[in-house]
>>> print(open('query.cif').read())   # mmCIF, C-alpha atoms
data_target
loop_
_atom_site.label_atom_id
_atom_site.label_comp_id
_atom_site.auth_asym_id
_atom_site.auth_seq_id
_atom_site.Cartn_x
_atom_site.Cartn_y
_atom_site.Cartn_z
CA MET A 683 10.48 -22.67 4.04
CA ASN A 684 6.95 -21.21 4.33
CA ASP A 685 3.99 -22.04 2.13
CA PHE A 686 2.13 -18.95 0.97
CA PRO A 687 -1.43 -19.93 0.10
CA HIS A 688 -2.92 -16.42 0.03
CA GLN A 689 -4.45 -15.11 -3.18
CA ARG A 690 -6.16 -11.89 -1.99
CA ILE A 691 -3.54 -9.75 -0.30
CA ALA A 692 -3.68 -6.17 0.98
CA VAL A 693 -0.37 -4.40 1.55
CA ILE A 694 -0.65 -1.51 4.02
CA GLY A 695 1.66 0.96 5.72
CA THR A 696 2.54 4.63 5.92
CA THR A 697 3.66 6.56 2.86
CA GLY A 698 7.19 5.63 1.82
CA ALA A 699 7.08 2.15 3.34
CA GLY A 700 7.27 0.37 -0.02
CA LYS A 701 3.68 -0.87 -0.31
CA SER A 702 3.54 -0.55 -4.09
CA THR A 703 6.99 -2.05 -4.59
CA LEU A 704 6.18 -5.08 -2.44
CA ALA A 705 2.71 -5.52 -3.94
CA GLU A 706 4.10 -5.43 -7.46
CA LYS A 707 6.81 -7.98 -6.60
CA LEU A 708 4.27 -10.29 -4.95
CA SER A 709 1.99 -9.93 -7.94
CA LYS A 710 4.73 -11.10 -10.28
CA ARG A 711 5.91 -13.86 -7.97
CA LEU A 712 2.41 -15.21 -7.37
CA ASP A 713 1.24 -14.49 -10.92
CA ILE A 714 -1.85 -12.59 -9.77
CA PRO A 715 -3.16 -9.10 -10.65
CA TYR A 716 -1.61 -6.05 -9.00
CA VAL A 717 -3.84 -3.12 -7.99
CA GLU A 718 -2.50 0.23 -6.86
CA LEU A 719 -5.15 2.26 -5.06
CA ASP A 720 -3.42 5.54 -5.94
CA ALA A 721 -3.90 4.73 -9.64
CA LEU A 722 -7.62 4.27 -9.03
CA TYR A 723 -7.91 7.41 -6.89
CA TRP A 724 -5.89 10.11 -8.66
CA GLU A 725 -7.25 11.68 -11.83
CA ALA A 726 -5.16 13.75 -14.26
CA GLY A 727 -3.89 17.00 -12.75
CA TRP A 728 -3.81 15.47 -9.25
CA ARG A 729 -7.59 15.74 -8.96
CA GLU A 730 -9.23 13.37 -6.51
CA ALA A 731 -11.62 10.89 -8.05
CA ASP A 732 -15.31 11.21 -7.39
CA PRO A 733 -15.94 9.04 -4.28
CA TYR A 734 -18.49 6.85 -6.09
CA ALA A 735 -16.20 6.38 -9.07
CA PHE A 736 -13.37 5.40 -6.72
CA TRP A 737 -15.62 2.89 -4.93
CA ASP A 738 -16.69 1.37 -8.23
CA ARG A 739 -13.09 1.09 -9.43
CA VAL A 740 -12.03 -0.65 -6.24
CA GLU A 741 -15.06 -2.93 -6.28
CA ASN A 742 -14.22 -3.99 -9.84
CA ALA A 743 -10.55 -4.52 -8.96
CA ILE A 744 -11.34 -6.91 -6.09
CA GLU A 745 -14.03 -8.94 -7.86
CA GLY A 746 -11.51 -11.56 -8.94
CA GLU A 747 -10.37 -14.59 -6.97
CA ALA A 748 -6.78 -13.36 -6.77
CA TRP A 749 -5.13 -9.96 -6.38
CA VAL A 750 -2.57 -8.02 -4.41
CA ILE A 751 -3.51 -4.45 -3.60
CA ALA A 752 -1.39 -1.60 -2.24
CA GLY A 753 -2.83 1.30 -0.31
CA ASN A 754 -4.58 2.67 2.76
CA TYR A 755 -7.68 4.55 1.69
CA ARG A 756 -10.11 4.51 4.62
CA SER A 757 -13.17 4.87 2.41
CA VAL A 758 -12.55 1.48 0.78
CA GLN A 759 -10.55 -0.30 3.47
CA HIS A 760 -13.50 -2.36 4.71
CA MET A 761 -14.33 -3.53 1.17
CA ILE A 762 -10.79 -4.73 0.64
CA TRP A 763 -10.23 -6.30 4.05
CA GLU A 764 -13.56 -8.16 3.95
CA LYS A 765 -12.48 -9.91 0.74
CA ALA A 766 -8.77 -10.24 1.51
CA ASP A 767 -7.32 -13.34 3.12
CA ALA A 768 -4.03 -11.71 4.16
CA VAL A 769 -2.77 -8.27 5.15
CA ILE A 770 0.91 -7.38 5.02
CA TRP A 771 1.61 -4.38 7.23
CA LEU A 772 4.89 -2.56 6.66
CA ASP A 773 5.23 -0.92 10.08
CA TYR A 774 8.70 0.60 9.82
CA PRO A 775 10.35 3.24 12.04
CA LEU A 776 9.78 6.86 11.09
CA ARG A 777 13.46 7.46 10.26
CA ILE A 778 13.41 4.67 7.65
CA LEU A 779 10.18 5.95 6.12
CA PHE A 780 11.47 9.52 6.00
CA TRP A 781 14.68 8.57 4.16
CA ARG A 782 12.86 6.24 1.77
CA LEU A 783 10.32 8.95 0.99
CA LEU A 784 13.06 11.54 0.48
CA LYS A 785 14.98 9.29 -1.95
CA ARG A 786 11.83 8.30 -3.82
CA THR A 787 10.59 11.89 -4.11
CA LEU A 788 13.98 13.11 -5.37
CA ARG A 789 14.18 10.29 -7.91
CA ARG A 790 10.67 10.92 -9.20
CA ALA A 791 11.26 14.67 -9.43
CA VAL A 792 14.54 14.26 -11.31
CA THR A 793 13.36 11.53 -13.70
CA GLN A 794 9.88 13.05 -14.10
CA GLU A 795 8.49 9.53 -13.76
CA GLU A 796 4.84 9.37 -14.74
CA LEU A 797 2.76 8.01 -11.90
CA TRP A 798 -0.98 7.76 -12.55
CA ASN A 799 -3.04 9.38 -15.28
CA GLY A 800 -0.18 11.58 -16.42
CA ASN A 801 0.65 12.91 -12.94
CA ARG A 802 4.23 13.61 -11.96
CA GLU A 803 5.72 14.66 -8.63
CA THR A 804 7.72 17.83 -8.16
CA PHE A 805 10.18 18.06 -5.32
CA TRP A 806 9.30 21.65 -4.37
CA ARG A 807 5.68 20.75 -3.74
CA HIS A 808 6.79 18.30 -1.06
CA LEU A 809 9.22 20.69 0.62
CA LYS A 810 6.27 22.75 1.87
CA LEU A 811 5.88 20.62 4.98
CA TRP A 812 2.90 22.66 6.20
CA SER A 813 0.96 21.97 2.99
CA GLN A 814 -1.59 19.18 2.62
CA ASP A 815 0.05 18.54 -0.79
CA SER A 816 3.36 17.50 0.79
CA LEU A 817 3.98 13.78 1.19
CA PHE A 818 6.25 14.61 4.13
CA HIS A 819 3.33 16.42 5.78
CA TRP A 820 1.23 13.31 5.09
CA LEU A 821 3.93 11.06 6.58
CA PHE A 822 4.03 13.01 9.84
CA LYS A 823 0.23 13.34 9.93
CA THR A 824 -0.49 9.63 9.49
CA TYR A 825 2.50 7.80 10.98
CA TRP A 826 1.38 7.64 14.62
CA ARG A 827 -2.30 7.40 13.73
CA ARG A 828 -1.70 4.24 11.68
CA LYS A 829 0.38 2.71 14.49
CA ARG A 830 -2.60 3.21 16.81
CA GLU A 831 -5.44 2.42 14.42
CA PHE A 832 -4.24 -0.60 12.44
CA PRO A 833 -3.97 -2.97 15.44
CA VAL A 834 -7.45 -1.94 16.61
CA LEU A 835 -9.00 -2.26 13.15
CA LEU A 836 -7.31 -5.57 12.41
CA SER A 837 -8.61 -7.01 15.68
CA LEU A 838 -12.27 -6.29 14.84
CA PRO A 839 -14.47 -9.40 14.53
CA GLY A 840 -15.18 -8.78 10.85
CA TYR A 841 -11.49 -9.21 10.07
CA ASP A 842 -10.67 -12.28 12.15
CA HIS A 843 -10.36 -14.28 8.92
CA LEU A 844 -7.26 -12.29 7.91
CA LYS A 845 -3.75 -13.62 8.30
CA VAL A 846 -1.74 -10.55 9.32
CA TYR A 847 1.96 -10.29 8.57
CA ARG A 848 3.48 -7.30 10.39
CA PHE A 849 7.05 -6.28 9.62
CA LYS A 850 8.80 -3.69 11.77
CA HIS A 851 11.98 -3.47 9.70
CA PRO A 852 12.77 -4.04 6.03
CA SER A 853 15.23 -6.79 6.99
CA GLU A 854 12.36 -8.77 8.58
CA LEU A 855 10.41 -8.55 5.34
CA GLU A 856 13.42 -9.62 3.26
CA THR A 857 14.04 -12.66 5.47
CA TRP A 858 10.37 -13.65 5.33
CA ALA A 859 10.01 -13.06 1.58
CA GLY A 860 13.12 -15.10 0.85
CA GLY A 861 11.59 -18.08 2.64
CA ILE A 862 8.24 -18.14 0.86
CA ARG A 863 7.45 -21.19 -1.17
CA LEU A 864 4.52 -20.58 -3.44
CA ASN A 865 1.69 -22.98 -2.79
CA LYS A 866 -0.04 -23.28 -6.18
CA THR A 867 -2.47 -25.91 -4.87
CA ALA A 868 -4.17 -23.58 -2.39
#
>>> encode(input="query.cif", output="structure tokens")
Amino acid sequence: MNDFPHQRIAVIGTTGAGKSTLAEKLSKRLDIPYVELDALYWEAGWREADPYAFWDRVENAIEGEAWVIAGNYRSVQHMIWEKADAVIWLDYPLRILFWRLLKRTLRRAVTQEELWNGNRETFWRHLKLWSQDSLFHWLFKTYWRRKREFPVLLSLPGYDHLKVYRFKHPSELETWAGGIRLNKTA
């Protein structure tokens, strides 16, 4: 069984990987605050937050001694990683991400689940694969870039303090997560 002493955790990965789901579960299991970057970024009506407002929101969210944060926003990545002590990278194959994203998008469209600030997803918006509004477009646009960039970024000297957990399949994550013993003394 593994001790898990980390208290400032960033969960990263391409859209559909399950960042928010994992971060929320870890938050409950470790009894630390959960922060979803999308909730800090998206205003009502799917308007992007003012960059300074977003920065301030993220800065406030990571002031505490313990948190688990889900998301990949480049503009605040350095702020988060400098304060984090662990990064969990969900680096799954494209086929898994595609099917997860499809199921999630269908579920959200059918249930009209409220996401952040009153926003809801519609399935038709995402079917327009050529549109910047489509999460499937975003998946294909960022998948290979993240595979190239994350290893380079995580190897930079400013991030050598981070413990990086990289999972290439959901079964690897499940095995690892099942073996975590919470280390409350750390």
>>> resolve_selection(input="query.cif", expression="the PyMOL selection byres ((chain A and resi 739-743) around 9)", output="PDB file with C-alpha atoms, keeping the file's coordinate frame")
ATOM      1  CA  PRO A 715      -3.160  -9.100 -10.650  1.00  0.00           C
ATOM      2  CA  VAL A 717      -3.840  -3.120  -7.990  1.00  0.00           C
ATOM      3  CA  LEU A 719      -5.150   2.260  -5.060  1.00  0.00           C
ATOM      4  CA  LEU A 722      -7.620   4.270  -9.030  1.00  0.00           C
ATOM      5  CA  TYR A 723      -7.910   7.410  -6.890  1.00  0.00           C
ATOM      6  CA  TYR A 734     -18.490   6.850  -6.090  1.00  0.00           C
ATOM      7  CA  ALA A 735     -16.200   6.380  -9.070  1.00  0.00           C
ATOM      8  CA  PHE A 736     -13.370   5.400  -6.720  1.00  0.00           C
ATOM      9  CA  TRP A 737     -15.620   2.890  -4.930  1.00  0.00           C
ATOM     10  CA  ASP A 738     -16.690   1.370  -8.230  1.00  0.00           C
ATOM     11  CA  ILE A 744     -11.340  -6.910  -6.090  1.00  0.00           C
ATOM     12  CA  GLU A 745     -14.030  -8.940  -7.860  1.00  0.00           C
ATOM     13  CA  GLY A 746     -11.510 -11.560  -8.940  1.00  0.00           C
ATOM     14  CA  TRP A 749      -5.130  -9.960  -6.380  1.00  0.00           C
ATOM     15  CA  ILE A 751      -3.510  -4.450  -3.600  1.00  0.00           C
ATOM     16  CA  VAL A 758     -12.550   1.480   0.780  1.00  0.00           C
ATOM     17  CA  MET A 761     -14.330  -3.530   1.170  1.00  0.00           C
ATOM     18  CA  ILE A 762     -10.790  -4.730   0.640  1.00  0.00           C
TER      19      ILE A 762
END
>>> closest_residue(input="query.cif", among="A:Val846, A:Leu776, A:Ile770, A:Leu712", to="Phe686 of chain A", atoms="only C-alpha atoms")
A:Leu712
>>> atom_distance(input="query.cif", atom1="atom CA of Glu856 of chain A", atom2="atom CA of Leu772 of chain A")
11.6 Å
>>> resolve_selection(input="query.cif", expression="the PyMOL selection byres ((chain A and resi 771) around 9)", output="mmCIF file with C-alpha atoms, keeping the file's coordinate frame")
data_model
loop_
_atom_site.group_PDB
_atom_site.id
_atom_site.type_symbol
_atom_site.label_atom_id
_atom_site.label_comp_id
_atom_site.auth_asym_id
_atom_site.auth_seq_id
_atom_site.Cartn_x
_atom_site.Cartn_y
_atom_site.Cartn_z
ATOM 1 C CA ALA A 692 -3.680 -6.170 0.980
ATOM 2 C CA VAL A 693 -0.370 -4.400 1.550
ATOM 3 C CA ILE A 694 -0.650 -1.510 4.020
ATOM 4 C CA GLY A 695 1.660 0.960 5.720
ATOM 5 C CA LYS A 701 3.680 -0.870 -0.310
ATOM 6 C CA VAL A 769 -2.770 -8.270 5.150
ATOM 7 C CA ILE A 770 0.910 -7.380 5.020
ATOM 8 C CA LEU A 772 4.890 -2.560 6.660
ATOM 9 C CA ASP A 773 5.230 -0.920 10.080
ATOM 10 C CA PHE A 832 -4.240 -0.600 12.440
ATOM 11 C CA VAL A 846 -1.740 -10.550 9.320
ATOM 12 C CA TYR A 847 1.960 -10.290 8.570
ATOM 13 C CA ARG A 848 3.480 -7.300 10.390
ATOM 14 C CA PHE A 849 7.050 -6.280 9.620
ATOM 15 C CA LYS A 850 8.800 -3.690 11.770
#
>>> decode(input="query.cif", residues="segment 759-773 of chain A", atoms="C-alpha atoms", output="mmCIF file, in the first residue's frame")
data_model
loop_
_atom_site.group_PDB
_atom_site.id
_atom_site.type_symbol
_atom_site.label_atom_id
_atom_site.label_comp_id
_atom_site.auth_asym_id
_atom_site.auth_seq_id
_atom_site.Cartn_x
_atom_site.Cartn_y
_atom_site.Cartn_z
ATOM 1 C CA GLN A 759 -0.341 26.685 -15.192
ATOM 2 C CA HIS A 760 2.912 28.093 -13.798
ATOM 3 C CA MET A 761 1.123 29.549 -10.762
ATOM 4 C CA ILE A 762 -0.434 26.198 -9.952
ATOM 5 C CA TRP A 763 2.597 24.018 -10.643
ATOM 6 C CA GLU A 764 4.915 26.266 -8.617
ATOM 7 C CA LYS A 765 2.732 25.739 -5.539
ATOM 8 C CA ALA A 766 1.711 22.139 -6.193
ATOM 9 C CA ASP A 767 3.613 19.218 -4.741
ATOM 10 C CA ALA A 768 2.128 16.604 -7.102
ATOM 11 C CA VAL A 769 0.771 16.438 -10.640
ATOM 12 C CA ILE A 770 -1.460 13.610 -11.785
ATOM 13 C CA TRP A 771 -1.429 13.364 -15.570
ATOM 14 C CA LEU A 772 -4.224 11.363 -17.189
ATOM 15 C CA ASP A 773 -2.491 10.540 -20.482
#
